[in-house]
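Peer 1: For reference, the file my_file27.cif (mmCIF, C-alpha atoms) is included below:
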data_start
loop_
_atom_site.label_atom_id
_atom_site.label_comp_id
_atom_site.auth_asym_id
_atom_site.auth_seq_id
_atom_site.Cartn_x
_atom_site.Cartn_y
_atom_site.Cartn_z
CA MET A 33 78.48 3.66 -25.47
CA GLN A 34 81.87 2.24 -26.46
CA ASP A 35 82.17 0.23 -23.25
CA CYS A 36 78.48 -0.65 -22.92
CA LYS A 37 77.11 -4.09 -22.17
CA PRO A 38 76.27 -5.67 -25.58
CA CYS A 39 72.83 -7.17 -26.27
CA LYS A 40 71.85 -9.80 -28.83
CA THR A 41 68.72 -8.23 -30.36
CA PRO A 42 68.14 -4.84 -32.06
CA ALA A 43 65.06 -4.21 -29.90
CA ALA A 44 64.05 -5.36 -26.46
CA VAL A 45 60.97 -7.53 -26.14
CA HIS A 46 59.55 -5.27 -23.42
CA PHE A 47 59.69 -2.17 -25.71
CA LYS A 48 56.25 -2.27 -27.24
CA LYS A 49 54.77 0.61 -29.17
CA ASP A 50 52.43 1.58 -26.34
CA CYS A 51 55.19 1.89 -23.74
CA LEU A 52 57.42 3.76 -26.17
CA SER A 53 54.98 6.66 -26.50
CA ALA A 54 54.50 7.00 -22.75
CA GLY A 55 57.03 8.56 -20.44
CA GLU A 56 58.58 11.79 -19.34
CA SER A 57 59.75 14.33 -21.90
CA LEU A 58 63.45 14.74 -22.55
CA SER A 59 65.45 17.87 -21.91
CA GLU A 60 66.55 19.85 -24.95
CA GLU A 61 70.06 18.40 -24.64
CA ASP A 62 68.83 14.78 -24.43
CA SER A 63 66.38 15.40 -27.27
CA GLN A 64 69.26 16.53 -29.48
CA LYS A 65 71.27 13.50 -28.38
CA TYR A 66 68.36 11.24 -29.42
CA GLN A 67 68.10 12.94 -32.81
CA SER A 68 71.84 12.56 -33.33
CA ILE A 69 71.71 8.86 -32.46
CA ILE A 70 68.81 8.27 -34.86
CA GLY A 71 70.67 10.14 -37.64
CA ALA A 72 73.82 8.08 -37.13
CA LEU A 73 71.85 4.82 -37.01
CA THR A 74 70.03 5.77 -40.22
CA TYR A 75 73.36 6.32 -41.95
CA ALA A 76 74.56 2.89 -40.78
CA MET A 77 71.29 1.22 -41.77
CA ILE A 78 71.29 2.62 -45.30
CA GLY A 79 74.86 1.51 -45.91
CA THR A 80 75.20 -1.90 -44.33
CA ARG A 81 73.04 -2.59 -41.27
CA HIS A 82 69.73 -3.82 -42.66
CA ASP A 83 69.10 -5.71 -39.44
CA ILE A 84 68.14 -2.50 -37.62
CA ALA A 85 65.77 -1.22 -40.33
CA PHE A 86 62.50 -2.07 -38.61
CA VAL A 87 63.34 -0.85 -35.12
CA LEU A 88 64.84 2.30 -36.59
CA SER A 89 61.69 3.00 -38.60
CA GLU A 90 59.71 2.81 -35.34
CA LEU A 91 62.11 5.06 -33.41
CA SER A 92 62.29 7.60 -36.24
CA LYS A 93 58.60 8.40 -35.78
CA TYR A 94 59.41 10.17 -32.51
CA VAL A 95 62.37 12.32 -33.55
CA SER A 96 60.42 15.57 -33.18
CA LYS A 97 59.20 14.87 -29.62
CA PRO A 98 61.08 11.99 -27.98
CA VAL A 99 60.50 10.78 -24.43
CA LYS A 100 62.81 8.92 -22.05
CA ASN A 101 61.76 5.48 -23.33
CA HIS A 102 62.77 6.45 -26.88
CA LEU A 103 66.29 7.31 -25.76
CA ILE A 104 66.52 4.04 -23.84
CA ALA A 105 65.39 2.11 -26.94
CA ALA A 106 67.89 3.98 -29.16
CA LYS A 107 70.70 3.13 -26.74
CA TRP A 108 69.54 -0.51 -26.88
CA VAL A 109 70.15 -0.46 -30.66
CA LEU A 110 73.64 0.93 -30.01
CA ARG A 111 74.26 -1.91 -27.56
CA TYR A 112 73.15 -4.36 -30.29
CA LEU A 113 75.63 -2.79 -32.72
CA GLN A 114 78.33 -3.24 -30.08
CA PHE A 115 77.41 -6.94 -29.92
CA SER A 116 77.34 -7.39 -33.70
CA LYS A 117 80.22 -5.09 -34.70
CA ASP A 118 82.18 -7.99 -36.16
CA TYR A 119 79.26 -9.12 -38.34
CA HIS A 120 79.70 -8.38 -42.01
CA LEU A 121 78.12 -9.03 -45.37
CA GLU A 122 79.82 -11.84 -47.18
CA PHE A 123 79.46 -12.73 -50.83
CA SER A 124 80.76 -16.16 -51.59
CA ARG A 125 79.79 -18.90 -53.96
CA GLY A 126 80.45 -21.64 -51.47
CA LYS A 127 80.75 -24.56 -53.87
CA ALA A 128 82.47 -24.00 -57.19
CA THR A 129 79.39 -25.36 -58.95
CA GLU A 130 76.95 -22.91 -57.30
CA LYS A 131 75.47 -20.44 -59.78
CA LEU A 132 75.22 -16.73 -59.15
CA SER A 133 71.64 -16.17 -58.05
CA LEU A 134 69.36 -13.39 -56.90
CA ASN A 135 66.72 -14.35 -54.34
CA GLY A 136 64.00 -12.10 -52.99
CA TYR A 137 61.77 -12.48 -49.96
CA CYS A 138 58.86 -10.29 -48.88
CA ASP A 139 56.24 -10.27 -46.17
CA ALA A 140 53.59 -8.04 -44.66
CA SER A 141 52.28 -7.56 -41.18
CA TRP A 142 48.58 -6.81 -41.60
CA GLY A 143 46.98 -4.03 -39.55
CA CYS A 144 49.77 -3.84 -36.98
CA GLN A 145 49.93 -0.04 -36.79
CA LYS A 146 47.66 2.09 -34.57
CA ASP A 147 45.95 3.58 -37.63
CA GLY A 148 45.23 0.10 -39.05
CA SER A 149 47.90 0.24 -41.73
CA SER A 150 50.25 -2.65 -42.44
CA VAL A 151 54.03 -2.93 -42.69
CA THR A 152 55.87 -4.21 -45.77
CA GLY A 153 59.26 -5.86 -45.56
CA PHE A 154 61.50 -7.34 -48.21
CA VAL A 155 65.08 -8.37 -48.78
CA PHE A 156 66.97 -9.32 -51.95
CA LYS A 157 70.09 -11.44 -51.69
CA VAL A 158 72.85 -12.26 -54.16
CA LEU A 159 74.09 -15.67 -53.10
CA THR A 160 74.16 -15.25 -49.31
CA GLY A 161 74.55 -11.47 -48.99
CA PRO A 162 71.67 -8.98 -48.84
CA VAL A 163 71.91 -6.24 -51.47
CA SER A 164 68.55 -4.48 -51.09
CA TRP A 165 66.06 -4.33 -48.23
CA CYS A 166 63.12 -2.34 -46.95
CA ALA A 167 60.76 -2.20 -43.98
CA LYS A 168 58.09 0.48 -44.21
CA LYS A 169 54.49 1.32 -43.47
CA GLN A 170 52.14 0.67 -46.38
CA SER A 171 50.58 3.80 -47.90
CA LYS A 172 47.11 2.22 -48.24
CA ILE A 173 44.97 0.49 -45.63
CA ALA A 174 44.58 -3.19 -46.54
CA LEU A 175 41.18 -4.77 -45.89
CA SER A 176 42.62 -8.26 -45.44
CA THR A 177 45.88 -10.03 -44.83
CA ALA A 178 45.91 -11.18 -48.46
CA GLU A 179 45.59 -7.59 -49.69
CA ALA A 180 48.46 -6.52 -47.40
CA GLU A 181 50.58 -9.34 -48.84
CA TYR A 182 49.75 -8.20 -52.39
CA PHE A 183 50.79 -4.64 -51.55
CA ALA A 184 54.08 -5.99 -50.16
CA LEU A 185 54.64 -8.16 -53.23
CA SER A 186 53.95 -5.21 -55.53
CA HIS A 187 56.51 -3.09 -53.69
CA ALA A 188 59.09 -5.89 -53.82
CA VAL A 189 58.54 -6.48 -57.54
CA GLN A 190 59.03 -2.78 -58.22
CA GLU A 191 62.36 -2.97 -56.40
CA ALA A 192 63.34 -6.11 -58.32
CA ILE A 193 62.67 -4.45 -61.66
CA CYS A 194 64.79 -1.40 -60.77
#
Would it be possible to restate this file's structure as structure tokens?
Peer 2:
Amino acid sequence: MQDCKPCKTPAAVHFKKDCLSAGESLSEEDSQKYQSIIGALTYAMIGTRHDIAFVLSELSKYVSKPVKNHLIAAKWVLRYLQFSKDYHLEFSRGKATEKLSLNGYCDASWGCQKDGSSVTGFVFKVLTGPVSWCAKKQSKIALSTAEAEYFALSHAVQEAIC
């Protein structure tokens, strides 16, 4: 994938959850290749590439039984990393008068999973650089969008305290 055509987004618009689960099964060799790609992307995501967290959480669900569309989507993420390889986290004060600050943002996507569960996402930034982030399925089923937002806020606050 070193000489691949770069793409500007971590996931293609046409890769929806329904089309990801459909498709022909992979050979044992391609299945191992998919698992290896997901493992390498997870390592990169944990260290520095928070921008692939959500798409990687979706692709990781299919590691045990991937299909052709999963491998295509994983290669798309690699193409995105090729595009953004010169991106980096930068911590700078900007103006000399700017104070060191920690800002946190969180959100929830209510009932977006097939089983009706929601997804929590948050990011904490020191000045302009992200230092902690998460995108994961909520463990409880929220009965409303407000409840999903409260679950997300609770998770973010727990992270802020630690």
Peer 1: Here is a test: counting all atoms listed in the file, which residue of A:Glu61, A:Asp118, A:Asp139, A:Asp147 is nearest to A:Glu181?
Peer 2: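 Looking only at the distances to A:Glu181, the closest residue turns out to be A:Asp139.
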Peer 1: Hey, which of A:Lys131, A:Lys157, A:Lys107, A:Lys97 ends up closest to A:Ala72? Count only C-alpha atoms.
Peer 2: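 Smallest separation from A:Ala72 among the options: A:Lys107.
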Peer 1: Taking 5 positions as the minimum chain separation for residues in the same chain, which residues sit within 9 Å of A:Trp108 when counting all atoms listed in the file? Answer as a PyMOL selection string.
Peer 2: chain A and resi 38-39+41-44+103+113
Peer 1: Could you work out how far atom CA of A:His82 lies from atom CA of A:Ser133, giving the answer in Å with one decimal?
Peer 2: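 Interatomic distance, atom CA of A:Ser133 to atom CA of A:His82: 19.8 Å.
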Peer 1: Which residue out of A:Trp142, A:Phe115, A:Tyr137, A:Phe86 has the minimum interatomic distance to A:Lys37 when all atoms listed in the file are used?
Peer 2: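 Smallest distance to A:Lys37 is found for A:Phe115.
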Peer 1: Name the residues that the PyMOL selection byres ((chain A and resi 180) around 10) picks from the file above, as an NGL selection string, using the file's chain letters and numbers.
Peer 2: :A and (139-143 or 149-152 or 170 or 172-179 or 181-186)
Peer 1: Can you list, as a list in words, every protein, DNA or RNA residue that comes within 10 Å of A:Tyr94 when you count only C-alpha atoms, leaving out same-chain residues fewer than 4 positions away?
Peer 2: Leu52, Ser53, Tyr66, Gln67, Ile70, Ser89, Glu90, Pro98, Val99 and His102 of chain A
Peer 1: Which residue out of A:Ser92, A:Ser164, A:Asn101, A:Ser116 has the minimum interatomic distance to A:Asn135 when all atoms listed in the file are used?
Peer 2: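 Among the listed residues, A:Ser164 lies closest to A:Asn135.
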Peer 1: Have a look at A:Thr80, A:Ser96, A:Ser57, A:Ser171 and name the one nearest to A:His120; count only C-alpha atoms.
Peer 2: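 With only C-alpha atoms as the atom set, the closest residue is A:Thr80.
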